[in-house]
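A.B. asks: Sharing entry_8.csv (CSV, C-alpha atoms) below.
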chain,number,residue,atom,x,y,z
A,269,MET,CA,-47.9,58.7,114.2
A,270,LYS,CA,-48.9,60.9,117.1
A,271,VAL,CA,-45.9,60.9,119.4
A,272,LEU,CA,-45.5,62.5,122.9
A,273,VAL,CA,-42.0,63.5,123.7
A,274,THR,CA,-41.0,64.6,127.2
A,275,GLY,CA,-37.9,66.8,127.6
A,276,SER,CA,-38.7,68.3,124.2
A,277,ALA,CA,-36.7,71.4,124.9
A,278,GLY,CA,-33.7,69.3,125.9
A,279,PHE,CA,-30.6,68.3,123.9
A,280,ILE,CA,-31.9,64.9,122.8
A,281,GLY,CA,-35.6,65.6,123.0
A,282,SER,CA,-35.5,68.7,120.7
A,283,ALA,CA,-33.4,66.9,118.1
A,284,LEU,CA,-35.7,63.9,118.2
A,285,SER,CA,-38.8,66.0,118.0
A,286,LEU,CA,-37.4,67.8,114.9
A,287,LYS,CA,-36.6,64.5,113.2
A,288,LEU,CA,-40.1,63.2,113.9
A,289,LEU,CA,-41.7,66.4,112.6
A,290,GLU,CA,-39.6,66.3,109.5
A,291,ARG,CA,-40.9,62.8,108.6
A,292,GLY,CA,-44.5,63.9,109.2
A,293,ASP,CA,-45.4,62.7,112.7
A,294,GLU,CA,-47.5,64.8,115.0
A,295,VAL,CA,-45.4,65.7,118.1
A,296,ILE,CA,-46.7,66.7,121.5
A,297,GLY,CA,-43.8,68.2,123.4
A,298,VAL,CA,-43.6,68.4,127.2
A,299,ASP,CA,-40.9,70.3,129.1
A,300,ASN,CA,-40.8,72.4,132.2
A,301,LEU,CA,-37.9,74.5,130.9
A,302,ASN,CA,-36.2,74.6,134.3
A,303,ASP,CA,-33.1,76.6,135.0
A,304,TYR,CA,-30.7,73.8,135.5
A,305,TYR,CA,-28.9,75.4,132.6
A,306,ASP,CA,-29.5,78.3,130.2
A,307,VAL,CA,-33.2,78.6,129.5
A,308,ASN,CA,-32.5,80.8,126.4
A,309,LEU,CA,-30.7,77.8,124.8
A,310,LYS,CA,-33.8,75.6,125.5
A,311,GLU,CA,-36.1,78.3,124.0
A,312,SER,CA,-33.9,78.4,120.9
A,313,ARG,CA,-34.2,74.7,120.5
A,314,LEU,CA,-37.9,74.9,120.8
A,315,ASP,CA,-38.1,77.6,118.1
A,316,ARG,CA,-37.0,75.0,115.6
A,317,ASN,CA,-39.9,72.7,116.6
A,318,HIS,CA,-42.5,75.5,116.6
A,319,ALA,CA,-41.7,76.0,112.9
A,320,TYR,CA,-44.0,73.0,112.2
A,321,ASP,CA,-47.7,73.4,112.7
A,322,HIS,CA,-48.0,69.7,113.8
A,323,TYR,CA,-46.0,70.5,117.0
A,324,THR,CA,-47.8,71.3,120.2
A,325,HIS,CA,-45.9,72.3,123.4
A,326,TYR,CA,-46.8,72.1,127.0
A,327,ARG,CA,-44.7,73.7,129.7
A,328,CYS,CA,-45.2,71.1,132.4
A,329,ALA,CA,-43.1,69.1,135.0
A,330,LEU,CA,-43.5,65.4,135.0
A,331,GLU,CA,-44.2,65.5,138.7
A,332,ASP,CA,-47.5,67.4,137.9
A,333,ARG,CA,-49.6,64.2,137.8
A,334,ARG,CA,-52.9,65.9,137.0
A,335,GLN,CA,-51.5,67.9,134.0
A,336,ILE,CA,-49.7,64.9,132.6
A,337,GLN,CA,-53.0,62.9,132.8
A,338,ASN,CA,-54.8,65.7,131.1
A,339,ILE,CA,-52.3,66.0,128.3
A,340,PHE,CA,-52.5,62.2,127.6
A,341,LYS,CA,-56.3,62.3,127.7
A,342,GLU,CA,-56.5,65.2,125.3
A,343,HIS,CA,-54.1,64.0,122.7
A,344,ASN,CA,-54.2,60.2,123.2
A,345,PRO,CA,-50.6,59.6,121.8
A,346,GLN,CA,-49.9,56.3,120.1
A,347,ARG,CA,-46.3,56.2,121.3
A,348,VAL,CA,-44.3,58.0,123.9
A,349,VAL,CA,-40.6,58.9,124.3
A,350,ASN,CA,-39.7,59.9,127.9
A,351,LEU,CA,-36.4,61.9,127.8
A,352,ALA,CA,-37.3,64.4,130.5
A,353,ALA,CA,-35.1,63.9,133.6
A,354,GLN,CA,-32.9,65.7,136.0
A,355,ALA,CA,-29.5,65.0,134.4
A,356,GLY,CA,-26.0,65.1,135.6
A,357,VAL,CA,-23.9,62.8,137.8
A,358,ARG,CA,-22.2,65.5,139.9
A,359,TYR,CA,-25.3,67.6,140.5
A,360,SER,CA,-27.0,64.6,142.1
A,361,LEU,CA,-24.5,64.9,145.0
A,362,GLU,CA,-25.7,68.5,145.6
A,363,ASN,CA,-29.5,68.2,145.0
A,364,PRO,CA,-30.6,64.6,145.4
A,365,TYR,CA,-34.3,65.5,145.8
A,366,ALA,CA,-34.5,66.9,142.3
A,367,TYR,CA,-33.7,63.4,140.9
A,368,ILE,CA,-36.3,61.7,143.0
A,369,ASP,CA,-39.0,64.3,141.9
A,370,SER,CA,-38.2,64.2,138.2
A,371,ASN,CA,-36.7,60.7,137.6
A,372,ILE,CA,-38.9,58.6,140.0
A,373,ILE,CA,-42.1,60.4,140.7
A,374,GLY,CA,-42.2,61.9,137.2
A,375,PHE,CA,-41.6,58.5,135.6
A,376,ILE,CA,-44.3,56.7,137.5
A,377,ASN,CA,-46.7,59.4,136.2
A,378,ILE,CA,-45.6,58.6,132.7
A,379,LEU,CA,-46.0,54.9,133.2
A,380,GLU,CA,-49.5,55.3,134.6
A,381,ALA,CA,-50.5,57.6,131.8
A,382,CYS,CA,-49.2,55.2,129.2
A,383,ARG,CA,-51.0,52.3,130.9
A,384,HIS,CA,-54.4,54.0,131.1
A,385,ASN,CA,-54.2,55.4,127.6
A,386,ARG,CA,-53.2,52.1,126.0
A,387,VAL,CA,-49.9,53.5,124.5
A,388,GLU,CA,-48.4,51.2,121.9
A,389,ASN,CA,-44.8,51.7,122.9
A,390,LEU,CA,-43.0,53.6,125.6
A,391,VAL,CA,-39.3,54.4,124.9
A,392,TYR,CA,-37.4,56.0,127.8
A,393,ALA,CA,-33.9,57.2,128.5
A,394,SER,CA,-31.7,55.2,130.7
A,395,SER,CA,-28.0,55.9,130.9
A,396,SER,CA,-24.6,54.2,130.6
A,397,SER,CA,-24.2,55.4,134.2
A,398,VAL,CA,-26.1,52.3,135.4
A,399,TYR,CA,-23.0,50.2,134.8
A,400,GLY,CA,-21.5,52.0,137.8
A,401,GLY,CA,-18.8,49.8,139.3
A,402,ASN,CA,-18.6,47.4,136.4
A,403,THR,CA,-15.1,47.0,135.0
A,404,LYS,CA,-15.6,44.4,132.3
A,405,LEU,CA,-15.6,46.1,128.9
A,406,PRO,CA,-17.5,46.6,126.7
A,407,PHE,CA,-20.6,47.1,128.8
A,408,SER,CA,-23.4,44.7,127.7
A,409,VAL,CA,-27.1,45.0,128.4
A,410,HIS,CA,-26.9,41.4,129.6
A,411,ASP,CA,-24.5,42.4,132.4
A,412,ASN,CA,-25.5,42.8,136.1
A,413,VAL,CA,-25.9,46.5,136.9
A,414,ASP,CA,-26.6,46.4,140.7
A,415,HIS,CA,-23.7,48.7,141.8
A,416,PRO,CA,-24.5,52.3,140.7
A,417,LEU,CA,-22.0,55.0,141.8
A,418,SER,CA,-24.4,58.0,141.9
A,419,LEU,CA,-28.0,58.7,142.8
A,420,TYR,CA,-28.5,59.7,139.1
A,421,ALA,CA,-27.5,56.2,138.0
A,422,ALA,CA,-29.6,54.6,140.7
A,423,THR,CA,-32.7,56.5,139.4
A,424,LYS,CA,-32.1,55.3,135.9
A,425,LYS,CA,-31.7,51.7,137.1
A,426,ALA,CA,-35.0,52.2,139.0
A,427,ASN,CA,-36.6,53.4,135.8
A,428,GLU,CA,-35.7,50.1,134.2
A,429,LEU,CA,-37.1,48.1,137.0
A,430,MET,CA,-40.3,50.2,137.1
A,431,ALA,CA,-40.8,49.8,133.3
A,432,HIS,CA,-40.4,46.0,133.6
A,433,THR,CA,-43.1,45.9,136.2
A,434,TYR,CA,-45.5,47.7,133.9
A,435,SER,CA,-44.5,45.6,131.0
A,436,SER,CA,-45.1,42.4,133.1
A,437,LEU,CA,-48.3,43.5,134.9
A,438,TYR,CA,-50.1,45.4,132.1
A,439,ARG,CA,-48.3,44.2,128.9
A,440,LEU,CA,-47.2,47.8,128.3
A,441,PRO,CA,-44.3,47.6,125.7
A,442,THR,CA,-41.3,49.4,127.1
A,443,VAL,CA,-37.8,50.0,125.7
A,444,GLY,CA,-35.0,51.4,127.9
A,445,LEU,CA,-32.1,53.1,126.1
A,446,ARG,CA,-28.7,53.4,127.8
A,447,PHE,CA,-27.2,56.4,126.2
A,448,PHE,CA,-23.4,56.8,126.1
A,449,THR,CA,-21.9,60.4,126.5
A,450,VAL,CA,-24.0,62.2,123.9
A,451,TYR,CA,-22.5,65.3,122.2
A,452,GLY,CA,-23.0,67.5,119.3
A,453,PRO,CA,-24.6,70.8,118.2
A,454,TRP,CA,-27.3,72.3,120.6
A,455,GLY,CA,-25.7,70.3,123.4
A,456,ARG,CA,-25.9,70.8,127.1
A,457,PRO,CA,-23.6,73.6,128.6
A,458,ASP,CA,-22.7,71.3,131.6
A,459,MET,CA,-21.2,68.6,129.3
A,460,ALA,CA,-17.4,68.4,128.7
A,461,LEU,CA,-17.5,69.3,125.0
A,462,PHE,CA,-19.4,72.5,125.7
A,463,LEU,CA,-17.3,73.5,128.7
A,464,PHE,CA,-14.0,72.7,127.0
A,465,THR,CA,-14.9,74.6,123.8
A,466,LYS,CA,-16.2,77.6,125.7
A,467,ASN,CA,-13.0,77.9,127.8
A,468,ILE,CA,-10.5,77.1,125.1
A,469,LEU,CA,-12.0,79.8,122.8
A,470,ALA,CA,-11.9,82.2,125.7
A,471,GLY,CA,-8.3,81.4,126.6
A,472,LYS,CA,-9.3,80.0,130.0
A,473,PRO,CA,-8.1,76.7,131.6
A,474,ILE,CA,-10.2,73.6,131.4
A,475,ASP,CA,-10.8,71.2,134.3
A,476,VAL,CA,-9.7,67.7,133.3
A,477,PHE,CA,-10.8,65.1,135.8
A,478,ASN,CA,-9.0,61.8,136.6
A,479,PHE,CA,-5.9,63.6,135.3
A,480,GLY,CA,-7.1,63.0,131.8
A,481,LYS,CA,-7.1,59.2,132.1
A,482,HIS,CA,-10.8,58.8,131.3
A,483,SER,CA,-12.0,57.1,128.1
A,484,ARG,CA,-15.5,57.7,126.9
A,485,ASP,CA,-17.7,56.2,124.3
A,486,PHE,CA,-18.7,59.6,122.8
A,487,THR,CA,-21.9,59.2,120.7
A,488,TYR,CA,-23.0,61.9,118.2
A,489,ILE,CA,-26.5,63.3,118.6
A,490,ASP,CA,-27.7,62.3,115.2
A,491,ASP,CA,-26.7,58.7,115.9
A,492,ILE,CA,-28.6,58.8,119.2
A,493,VAL,CA,-31.7,60.1,117.5
A,494,GLU,CA,-31.6,57.5,114.8
A,495,GLY,CA,-31.3,54.8,117.5
A,496,VAL,CA,-34.3,56.2,119.4
A,497,ILE,CA,-36.5,56.3,116.2
A,498,ARG,CA,-35.5,52.7,115.3
A,499,THR,CA,-36.6,51.4,118.7
A,500,LEU,CA,-39.7,53.6,118.7
A,501,ASP,CA,-40.8,52.1,115.4
A,502,LYS,CA,-40.2,48.5,116.5
A,503,ILE,CA,-42.6,47.5,119.3
A,504,PRO,CA,-40.8,45.0,121.6
A,505,GLN,CA,-42.2,41.5,121.8
A,506,PRO,CA,-41.8,39.0,124.7
A,507,ASN,CA,-38.7,36.8,124.6
A,508,GLN,CA,-40.2,33.3,124.5
A,509,GLU,CA,-36.8,31.8,125.3
A,510,TRP,CA,-36.4,33.8,128.5
A,511,SER,CA,-35.8,31.6,131.6
A,512,GLY,CA,-36.0,32.4,135.3
A,513,ASP,CA,-33.3,29.8,135.9
A,514,GLN,CA,-30.8,32.0,133.9
A,515,PRO,CA,-32.6,35.4,133.7
A,516,ASP,CA,-31.4,37.8,131.0
A,517,SER,CA,-31.7,41.3,132.3
A,518,ALA,CA,-32.1,42.8,128.8
A,519,THR,CA,-35.3,40.9,127.8
A,520,SER,CA,-38.2,39.3,129.4
A,521,LEU,CA,-41.3,37.2,129.0
A,522,ALA,CA,-43.0,40.6,129.0
A,523,PRO,CA,-42.7,43.1,126.1
A,524,TYR,CA,-39.6,44.7,127.4
A,525,ARG,CA,-36.2,45.5,126.0
A,526,LEU,CA,-33.0,47.3,127.0
A,527,TYR,CA,-30.4,48.6,124.5
A,528,ASN,CA,-27.1,50.4,124.6
A,529,ILE,CA,-26.8,53.3,122.2
A,530,GLY,CA,-23.1,54.1,121.9
A,531,ASN,CA,-20.4,54.5,119.2
A,532,SER,CA,-18.6,51.3,120.3
A,533,ASN,CA,-15.3,53.2,119.9
A,534,PRO,CA,-14.1,54.6,123.2
A,535,VAL,CA,-11.8,57.6,122.9
A,536,GLN,CA,-9.2,58.8,125.4
A,537,LEU,CA,-10.2,62.1,127.0
A,538,MET,CA,-6.9,63.7,125.9
A,539,ASP,CA,-7.6,62.7,122.3
A,540,TYR,CA,-11.0,64.3,122.6
A,541,ILE,CA,-9.4,67.5,123.8
A,542,ALA,CA,-6.9,67.3,120.9
A,543,ALA,CA,-9.8,67.1,118.5
A,544,ILE,CA,-11.3,70.3,120.0
A,545,GLU,CA,-8.0,72.1,119.8
A,546,LYS,CA,-7.7,71.1,116.1
A,547,CYS,CA,-11.2,72.5,115.3
A,548,THR,CA,-10.8,75.7,117.3
A,549,GLY,CA,-7.2,76.3,116.3
A,550,CYS,CA,-6.4,77.0,120.0
A,551,LYS,CA,-4.3,75.2,122.5
A,552,ALA,CA,-6.0,74.1,125.8
A,553,GLU,CA,-4.6,75.0,129.2
A,554,LEU,CA,-5.2,72.0,131.4
A,555,ASN,CA,-6.1,72.0,135.0
A,556,LEU,CA,-5.6,68.3,136.0
A,557,LEU,CA,-7.8,67.1,138.8
A,558,PRO,CA,-8.5,63.7,140.5
A,559,LEU,CA,-11.5,61.5,139.7
A,560,GLN,CA,-14.7,63.0,141.0
A,561,PRO,CA,-17.2,61.1,143.2
A,562,GLY,CA,-19.8,59.3,141.1
A,563,ASP,CA,-17.7,59.3,138.0
A,564,VAL,CA,-16.5,56.0,136.3
A,565,PRO,CA,-13.1,55.9,134.6
A,566,ASP,CA,-14.2,54.2,131.3
A,567,THR,CA,-17.3,53.5,129.2
A,568,TYR,CA,-17.6,51.3,126.1
A,569,ALA,CA,-20.9,50.2,124.6
A,570,ASN,CA,-21.6,46.7,123.3
A,571,VAL,CA,-24.4,47.4,120.8
A,572,ASP,CA,-25.0,43.8,119.5
A,573,ALA,CA,-28.6,43.8,120.7
A,574,LEU,CA,-29.4,47.0,119.0
A,575,MET,CA,-27.8,45.8,115.8
A,576,GLU,CA,-29.6,42.4,115.9
A,577,ASP,CA,-33.1,43.9,116.5
A,578,THR,CA,-32.9,47.1,114.5
A,579,GLY,CA,-30.0,46.7,112.1
A,580,TYR,CA,-28.5,50.0,113.3
A,581,LYS,CA,-25.1,50.9,114.8
A,582,PRO,CA,-23.9,54.5,115.5
A,583,ASN,CA,-20.8,55.4,113.4
A,584,THR,CA,-20.0,59.1,113.5
A,585,SER,CA,-16.4,59.8,114.3
A,586,ILE,CA,-15.3,62.4,116.9
A,587,ASP,CA,-13.4,64.3,114.2
A,588,VAL,CA,-16.7,64.8,112.3
A,589,GLY,CA,-18.9,65.3,115.4
A,590,VAL,CA,-16.6,67.7,117.2
A,591,SER,CA,-16.1,69.8,114.1
A,592,ARG,CA,-19.9,70.1,113.6
A,593,PHE,CA,-20.2,71.2,117.3
A,594,VAL,CA,-17.5,73.8,117.1
A,595,LYS,CA,-19.0,75.2,113.9
A,596,TRP,CA,-22.5,75.4,115.6
A,597,TYR,CA,-21.0,77.0,118.8
A,598,ARG,CA,-19.2,79.7,116.9
A,599,GLU,CA,-22.4,80.6,114.9
A,600,PHE,CA,-24.8,80.4,117.8
A,601,TYR,CA,-22.6,82.4,120.3
A,602,LYS,CA,-21.1,84.6,117.5
A,603,THR,CA,-17.5,83.9,118.7
Could you show the structure in this file as structure tokens?
C.D. replies:
Amino acid sequence: MKVLVTGSAGFIGSALSLKLLERGDEVIGVDNLNDYYDVNLKESRLDRNHAYDHYTHYRCALEDRRQIQNIFKEHNPQRVVNLAAQAGVRYSLENPYAYIDSNIIGFINILEACRHNRVENLVYASSSSVYGGNTKLPFSVHDNVDHPLSLYAATKKANELMAHTYSSLYRLPTVGLRFFTVYGPWGRPDMALFLFTKNILAGKPIDVFNFGKHSRDFTYIDDIVEGVIRTLDKIPQPNQEWSGDQPDSATSLAPYRLYNIGNSNPVQLMDYIAAIEKCTGCKAELNLLPLQPGDVPDTYANVDALMEDTGYKPNTSIDVGVSRFVKWYREFYKT
């Protein structure tokens, strides 16, 4: 297939692009390579994709409507995966406009381009953050998600609503994926595993929020990519049993689906740190801090819908995943 991937220099986007290229798909990558974190890391990820002659890259922001329209018109992709976004819960408290520009204005540009170019399937990144104030665990795609705790989460919820509108009005098939705490090699430097590993190896203290009482459904990057590909290959169909009397938020009479992609095995933050200590051979010095604004204490994914529709469930343990990350980190940064 010919697949357009936005955020192709990002953590998930670069790994997905590589997997698609390896199976023979033509990939058109779009990424603005902003400096939210180390651009050199993004360039290094892209180098892996450029090894394939059926990869084409555009340095472009999603907010650039004209360039997005031109890229779609030139390449006419069959399917699209939108992973470009301003990420990070805490940064949304500092720079809210970045989230509106990328996650709202950028997403409407993608929806319009997909609509006018008759894209077969649009898969886009949502987030486990949409569950916000929910406390019933595990989180299900059938749950109400009307109480986000950060602007980042609110923009992801907005993406789901915008996608449904286009699925309903224009019969554009859309699939929203709520990712749960993605980690692994080539990961983001602002994420816990990266920060913890860096400081532990350097003998520096690590900031542990909520006094270490978090639990997270840590999900390994390869499992995330497999879930994306499974849903990309399966075009969503209308749910003929959907009823407005008892509306299901995860399906619709339109070609629209929502899925959680998580390991379904939440891990206590202190156990996660212990796994890093084991792999690095170093003891962590803990700087215990209170819960940060916008954070949720616990996450836990119900992936029944993903299993039912694609036959897939993530299963990489943190012992395996953390070990692979630490090995990559040592090699990449020569520590």
A.B. asks: Set the distance at 6 Å and use all atoms listed in the file: which residues neighbour segment 282-285 of chain A once local chain neighbours fewer than 5 positions away are removed? I'd like the list as a PyMOL selection string.
C.D. replies: chain A and resi 276-277+493
A.B. asks: Write the residues of the preceding selection, restricted to C-alpha atoms, as a PDB file, in the frame of the given file.
C.D. replies:
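Writing the result to out_6.pdb gives the following:
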ATOM      1  CA  SER A 276     -38.700  68.300 124.200  1.00  0.00           C
ATOM      2  CA  ALA A 277     -36.700  71.400 124.900  1.00  0.00           C
ATOM      3  CA  VAL A 493     -31.700  60.100 117.500  1.00  0.00           C
TER       4      VAL A 493
END
A.B. asks: Here is a test: counting all atoms listed in the file, which residue of A:Thr433, A:Gln536, A:Gln346, A:Ser312 is nearest to Phe279 of chain A?
C.D. replies: A:Ser312
A.B. asks: Out of A:Gln514, A:Ser591, A:Asn555, A:Asn583, which residue has the shortest atom-to-atom distance to Ile492 of chain A when counting all atoms listed in the file?
C.D. replies: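 Using all atoms listed in the file, the shortest distance to Ile492 of chain A belongs to A:Asn583.
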A.B. asks: Contacts of Ser396 of chain A at 6 Å or less, counting all atoms listed in the file, minus same-chain residues fewer than 5 places along, as a list in words?
C.D. replies: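 Within the cut-off, the hits are Arg446, Phe447 and Phe448 of chain A.
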A.B. asks: For Asn533 of chain A, which residue among A:Asp485, A:Asp516, A:Asp303, A:Asp321 is the nearest when counting only C-alpha atoms?
C.D. replies: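 Result for the nearest residue to Asn533 of chain A: A:Asp485.
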A.B. asks: Looking at only C-alpha atoms, which of A:Asp563, A:Asp411, A:Asp369, A:Asp306 is the one that sits closest to Thr423 of chain A?
C.D. replies: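 Using only C-alpha atoms, Thr423 of chain A sits closest to A:Asp369.
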A.B. asks: In Å, with one decimal, what is the gap from atom CA of Tyr451 of chain A to atom CA of Ile544 of chain A?
C.D. replies: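 Straight-line distance from atom CA of Tyr451 of chain A to atom CA of Ile544 of chain A works out to 12.5 Å.
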A.B. asks: Please work out which residues fall within 12 Å of (-44.6, 55.4, 132.7), coordinates as given in the file, with all atoms listed in the file counting, and return them as a PDB file with C-alpha atoms, in the frame of the given file.
C.D. replies:
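Final output, selection.pdb:
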ATOM      1  CA  THR A 274     -41.000  64.600 127.200  1.00  0.00           C
ATOM      2  CA  LEU A 330     -43.500  65.400 135.000  1.00  0.00           C
ATOM      3  CA  GLU A 331     -44.200  65.500 138.700  1.00  0.00           C
ATOM      4  CA  ARG A 333     -49.600  64.200 137.800  1.00  0.00           C
ATOM      5  CA  ILE A 336     -49.700  64.900 132.600  1.00  0.00           C
ATOM      6  CA  GLN A 337     -53.000  62.900 132.800  1.00  0.00           C
ATOM      7  CA  PHE A 340     -52.500  62.200 127.600  1.00  0.00           C
ATOM      8  CA  ARG A 347     -46.300  56.200 121.300  1.00  0.00           C
ATOM      9  CA  VAL A 348     -44.300  58.000 123.900  1.00  0.00           C
ATOM     10  CA  VAL A 349     -40.600  58.900 124.300  1.00  0.00           C
ATOM     11  CA  ASN A 350     -39.700  59.900 127.900  1.00  0.00           C
ATOM     12  CA  LEU A 351     -36.400  61.900 127.800  1.00  0.00           C
ATOM     13  CA  ALA A 352     -37.300  64.400 130.500  1.00  0.00           C
ATOM     14  CA  ASN A 371     -36.700  60.700 137.600  1.00  0.00           C
ATOM     15  CA  ILE A 372     -38.900  58.600 140.000  1.00  0.00           C
ATOM     16  CA  ILE A 373     -42.100  60.400 140.700  1.00  0.00           C
ATOM     17  CA  GLY A 374     -42.200  61.900 137.200  1.00  0.00           C
ATOM     18  CA  PHE A 375     -41.600  58.500 135.600  1.00  0.00           C
ATOM     19  CA  ILE A 376     -44.300  56.700 137.500  1.00  0.00           C
ATOM     20  CA  ASN A 377     -46.700  59.400 136.200  1.00  0.00           C
ATOM     21  CA  ILE A 378     -45.600  58.600 132.700  1.00  0.00           C
ATOM     22  CA  LEU A 379     -46.000  54.900 133.200  1.00  0.00           C
ATOM     23  CA  GLU A 380     -49.500  55.300 134.600  1.00  0.00           C
ATOM     24  CA  ALA A 381     -50.500  57.600 131.800  1.00  0.00           C
ATOM     25  CA  CYS A 382     -49.200  55.200 129.200  1.00  0.00           C
ATOM     26  CA  ARG A 383     -51.000  52.300 130.900  1.00  0.00           C
ATOM     27  CA  HIS A 384     -54.400  54.000 131.100  1.00  0.00           C
ATOM     28  CA  ASN A 385     -54.200  55.400 127.600  1.00  0.00           C
ATOM     29  CA  ARG A 386     -53.200  52.100 126.000  1.00  0.00           C
ATOM     30  CA  VAL A 387     -49.900  53.500 124.500  1.00  0.00           C
ATOM     31  CA  ASN A 389     -44.800  51.700 122.900  1.00  0.00           C
ATOM     32  CA  LEU A 390     -43.000  53.600 125.600  1.00  0.00           C
ATOM     33  CA  VAL A 391     -39.300  54.400 124.900  1.00  0.00           C
ATOM     34  CA  TYR A 392     -37.400  56.000 127.800  1.00  0.00           C
ATOM     35  CA  ALA A 393     -33.900  57.200 128.500  1.00  0.00           C
ATOM     36  CA  ALA A 426     -35.000  52.200 139.000  1.00  0.00           C
ATOM     37  CA  ASN A 427     -36.600  53.400 135.800  1.00  0.00           C
ATOM     38  CA  GLU A 428     -35.700  50.100 134.200  1.00  0.00           C
ATOM     39  CA  LEU A 429     -37.100  48.100 137.000  1.00  0.00           C
ATOM     40  CA  MET A 430     -40.300  50.200 137.100  1.00  0.00           C
ATOM     41  CA  ALA A 431     -40.800  49.800 133.300  1.00  0.00           C
ATOM     42  CA  HIS A 432     -40.400  46.000 133.600  1.00  0.00           C
ATOM     43  CA  THR A 433     -43.100  45.900 136.200  1.00  0.00           C
ATOM     44  CA  TYR A 434     -45.500  47.700 133.900  1.00  0.00           C
ATOM     45  CA  SER A 435     -44.500  45.600 131.000  1.00  0.00           C
ATOM     46  CA  TYR A 438     -50.100  45.400 132.100  1.00  0.00           C
ATOM     47  CA  LEU A 440     -47.200  47.800 128.300  1.00  0.00           C
ATOM     48  CA  PRO A 441     -44.300  47.600 125.700  1.00  0.00           C
ATOM     49  CA  THR A 442     -41.300  49.400 127.100  1.00  0.00           C
ATOM     50  CA  VAL A 443     -37.800  50.000 125.700  1.00  0.00           C
ATOM     51  CA  GLY A 444     -35.000  51.400 127.900  1.00  0.00           C
TER      52      GLY A 444
END
A.B. asks: Which residue, A:Pro582, A:Pro565, A:Gly471, A:Pro515, has the smallest gap to Asn531 of chain A when you use all atoms listed in the file?
C.D. replies: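 Residue with the minimum atom-to-atom distance to Asn531 of chain A: A:Pro582.
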A.B. asks: Using all atoms listed in the file for the distances, tell me which of A:Leu521, A:Leu461, A:Leu445, A:Val564 is nearest to Tyr540 of chain A.
C.D. replies: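 The answer is A:Leu461, which sits nearest to Tyr540 of chain A.
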A.B. asks: List as number ranges by chain the protein and nucleic acid residues near Lys270 of chain A, meaning an atom at most 9 Å away when all atoms listed in the file are counted, but skip any in the same chain fewer than 4 places from it.
C.D. replies: A: 293-296, 343-348
A.B. asks: Distance atom CA of Phe479 of chain A-atom CA of Leu557 of chain A, one decimal place?
C.D. replies: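 So the two atoms, atom CA of Phe479 of chain A and atom CA of Leu557 of chain A, lie 5.3 Å apart.
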A.B. asks: Provide the atom CA of Ile529 of chain A to atom CA of Ile468 of chain A distance in Å, to one decimal place.
C.D. replies: 29.0 Å
A.B. asks: Quick one: residues within 10 Å of Tyr420 of chain A, all atoms listed in the file counted, chain neighbours fewer than 2 positions away excluded, as a ChimeraX atom specification?
C.D. replies: /A:353-361,364,366-368,371,395,397-398,416-418,422-426,562
A.B. asks: For Gly495 of chain A, work out the shell of residues within 10 Å, counting all atoms listed in the file and skipping chain neighbours fewer than 3 positions away, then give it as a list in words.
C.D. replies: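 What passes the distance filter is Leu445, Phe447, Ile489, Asp490, Asp491, Ile492, Arg498, Thr499, Leu500, Tyr527, Asn528, Ile529, Gly530, Leu574, Met575, Thr578, Gly579, Tyr580, Lys581 and Pro582 of chain A.
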